[in-house]
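Working notes for the structure below.
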Amino acid sequence: MMPAFEPTACIADLEAGRIAVLAGGTGNPLLTTDTAAALRAVEVGADLVLKATRVDGVYSADPETDSNAELFDRISYREVLERGLAVMDLTAVSFCMEHDVPVRVFNYAVPGNIRRAAAGEPVGTLIEGT
C-alpha cells in the first residue's frame, strides 16, 4: 500500500533540491487524476503542472478523429473551458485557473519530451492566463 500524500514532506524535498514525482489519484471516486494533479500542485506551491498525454498538446478538436484539428502553442484556461476542449477534465482546468498554476500538455511518447517539459522548454501547449 502506498503511503498517504504528505504536502509538508514533499515541500521539504523540493526545498532540499530534490525532484518530487506525484502519481495516482486522491482516493476519491469522483475526482480524476487530472484533478488530483491540480490539487497536489496547489498544495505544494508548484509552478507548473505537467500533463503527459498521447497527443502533442491542446488541439481545437480531437486530432485522432479530425485531421483539421489545430494545435495551439498557448491557450488560456478560459478558452479551454469555453470551447470544452477535452485535453483534461474541466474541473482540473478550473482549479488551475483559480490558483494560477499553468499546465504544460505534451506527448509522452516523443523521446525526450518528458525531460524537455520538466526543464521548462516549450514543448506541446502551455495553458495559462484567463
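To be explicit about the labels: the chains of the C-alpha cells are called A, B, and onward in the order shown, and within each one the residues are counted from 1, while ligands get numbers from 1 in the order they are shown.
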I want to know what sits within 8 Å of segment 81-87 of chain A, based on only C-alpha atoms, with residues of the same chain fewer than 6 positions away left out; could you give that as a PyMOL selection string?
chain A and resi 57-62+93-94
Could you dump the residues just selected with C-alpha atoms as a tab-separated table (two decimals), in the first residue's frame?
chain	number	residue	atom	x	y	z
A	57	GLY	CA	-0.70	19.24	-26.93
A	58	VAL	CA	-4.05	21.03	-26.92
A	59	TYR	CA	-5.94	20.97	-30.19
A	60	SER	CA	-9.06	22.75	-31.44
A	61	ALA	CA	-10.66	19.31	-31.89
A	62	ASP	CA	-9.67	15.68	-31.32
A	93	VAL	CA	-8.54	23.31	-15.64
A	94	SER	CA	-10.83	25.48	-13.48
Set the distance at 8 Å and use only C-alpha atoms: which residues neighbour segment 2-12 of chain A once local chain neighbours fewer than 3 positions away are removed? I'd like the list as a PDB file with C-alpha atoms, in the first residue's frame.
ATOM      1  CA  GLU A  15      13.303  22.884  -0.857  1.00  0.00           C
ATOM      2  CA  ALA A  16      16.244  20.479  -0.496  1.00  0.00           C
ATOM      3  CA  ALA A  20       9.117  15.155  -6.437  1.00  0.00           C
ATOM      4  CA  ARG A  40      -1.357  18.483  -5.374  1.00  0.00           C
ATOM      5  CA  GLU A  43      -0.828  22.111  -2.101  1.00  0.00           C
ATOM      6  CA  VAL A  44       2.924  22.180  -2.710  1.00  0.00           C
TER       7      VAL A  44
END
For segment 23-31 of chain A, please output as an MDAnalysis selection string all residues within 12 Å (counting only C-alpha atoms; exclusion window: fewer than 3 positions along the same chain).
chainID A and resid 2:5 20 34:41 50:52 88:92
Contacts of Met97 of chain A at 9 Å (only C-alpha atoms; same-chain gap of 2+ positions) as number ranges by chain:
A: 76-78, 92-95, 99-102, 128-130
For the selection just defined, write its residues with C-alpha atoms to a file, as a PDB file, in the first residue's frame.
ATOM      1  CA  SER A  76      -5.893  30.397 -21.913  1.00  0.00           C
ATOM      2  CA  TYR A  77      -7.714  28.417 -19.254  1.00  0.00           C
ATOM      3  CA  ARG A  78     -10.866  30.327 -20.175  1.00  0.00           C
ATOM      4  CA  ALA A  92      -8.797  20.461 -13.117  1.00  0.00           C
ATOM      5  CA  VAL A  93      -8.543  23.315 -15.645  1.00  0.00           C
ATOM      6  CA  SER A  94     -10.835  25.478 -13.484  1.00  0.00           C
ATOM      7  CA  PHE A  95      -8.829  24.692 -10.351  1.00  0.00           C
ATOM      8  CA  HIS A  99      -4.943  29.187  -8.384  1.00  0.00           C
ATOM      9  CA  ASP A 100      -2.932  30.500 -11.363  1.00  0.00           C
ATOM     10  CA  VAL A 101      -0.996  27.274 -11.948  1.00  0.00           C
ATOM     11  CA  PRO A 102      -0.066  26.876 -15.633  1.00  0.00           C
ATOM     12  CA  GLU A 128      -2.251  29.790 -18.673  1.00  0.00           C
ATOM     13  CA  GLY A 129      -3.878  33.172 -18.079  1.00  0.00           C
ATOM     14  CA  THR A 130      -7.552  33.954 -18.319  1.00  0.00           C
TER      15      THR A 130
END
Once DSSP has gone over the backbone, tell me which residues of chain A are in strand (DSSP E), as a ChimeraX atom specification.
/A:49-53,58-59,71-72,74-76,103-107,125-128
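Remark: for Asp73 of chain A, the closest of the candidate residues A:Val42, A:Cys96, A:Ala119, A:Leu126 is A:Leu126 (distances computed over only C-alpha atoms).
The interatomic distance for the pair atom CA of Asn107 of chain A and atom CA of Gly124 of chain A works out to 7.0 Å.
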How would you write, as a VMD selection string, the set of residues in segment 18-75 of chain A that DSSP gives as alpha helix (DSSP H)?
chain A and resid 33 to 44
Hey, can you spit out that residue selection with C-alpha atoms as a short mmCIF file (atom, residue, chain, number, x, y, z; two decimals), in the first residue's frame?
data_model
loop_
_atom_site.label_atom_id
_atom_site.label_comp_id
_atom_site.auth_asym_id
_atom_site.auth_seq_id
_atom_site.Cartn_x
_atom_site.Cartn_y
_atom_site.Cartn_z
CA THR A 33 -6.13 12.03 -11.84
CA ASP A 34 -6.12 15.43 -13.63
CA THR A 35 -7.90 16.98 -10.67
CA ALA A 36 -5.53 15.17 -8.29
CA ALA A 37 -2.56 16.69 -10.14
CA ALA A 38 -4.06 20.18 -9.93
CA LEU A 39 -4.85 19.75 -6.24
CA ARG A 40 -1.36 18.48 -5.37
CA ALA A 41 0.27 21.26 -7.41
CA VAL A 42 -1.59 23.88 -5.40
CA GLU A 43 -0.83 22.11 -2.10
CA VAL A 44 2.92 22.18 -2.71
#
Can you pull out every residue within 8 Å of Tyr108 of chain A, counting only C-alpha atoms, but drop anything in the same chain fewer than 2 positions away, and send it as a short mmCIF file (atom, residue, chain, number, x, y, z; two decimals) with N, CA and C atoms, in the first residue's frame?
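Heads up, here's the output in selection-v2.cif:
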data_model
loop_
_atom_site.label_atom_id
_atom_site.label_comp_id
_atom_site.auth_asym_id
_atom_site.auth_seq_id
_atom_site.Cartn_x
_atom_site.Cartn_y
_atom_site.Cartn_z
N ALA A 52 1.25 14.83 -19.27
CA ALA A 52 1.76 13.96 -20.33
C ALA A 52 0.59 13.17 -20.90
N THR A 53 0.46 13.19 -22.21
CA THR A 53 -0.66 12.53 -22.87
C THR A 53 -0.20 11.93 -24.19
N ARG A 54 -1.11 11.35 -24.95
CA ARG A 54 -0.71 10.67 -26.19
C ARG A 54 -0.80 11.55 -27.43
N PHE A 106 1.77 17.78 -23.23
CA PHE A 106 2.73 17.31 -24.23
C PHE A 106 2.60 15.81 -24.43
N VAL A 110 6.99 10.93 -27.41
CA VAL A 110 8.08 11.52 -28.19
C VAL A 110 9.33 11.49 -27.32
N PRO A 111 10.39 10.80 -27.78
CA PRO A 111 11.61 10.72 -26.99
C PRO A 111 12.13 12.09 -26.57
N ASN A 113 10.66 14.28 -24.63
CA ASN A 113 9.65 15.28 -24.27
C ASN A 113 9.47 15.44 -22.77
N ILE A 114 9.52 14.37 -22.02
CA ILE A 114 9.36 14.49 -20.57
C ILE A 114 10.49 15.33 -19.99
#
In Å, how far is it from atom CA of Phe72 of chain A to atom CA of Ala46 of chain A?
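Those two atoms sit 23.1 Å apart.
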Between atom CA of Leu48 of chain A and atom CA of Arg74 of chain A, measure the distance and give it in Å to one decimal.
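These atoms are spaced 14.0 Å apart.
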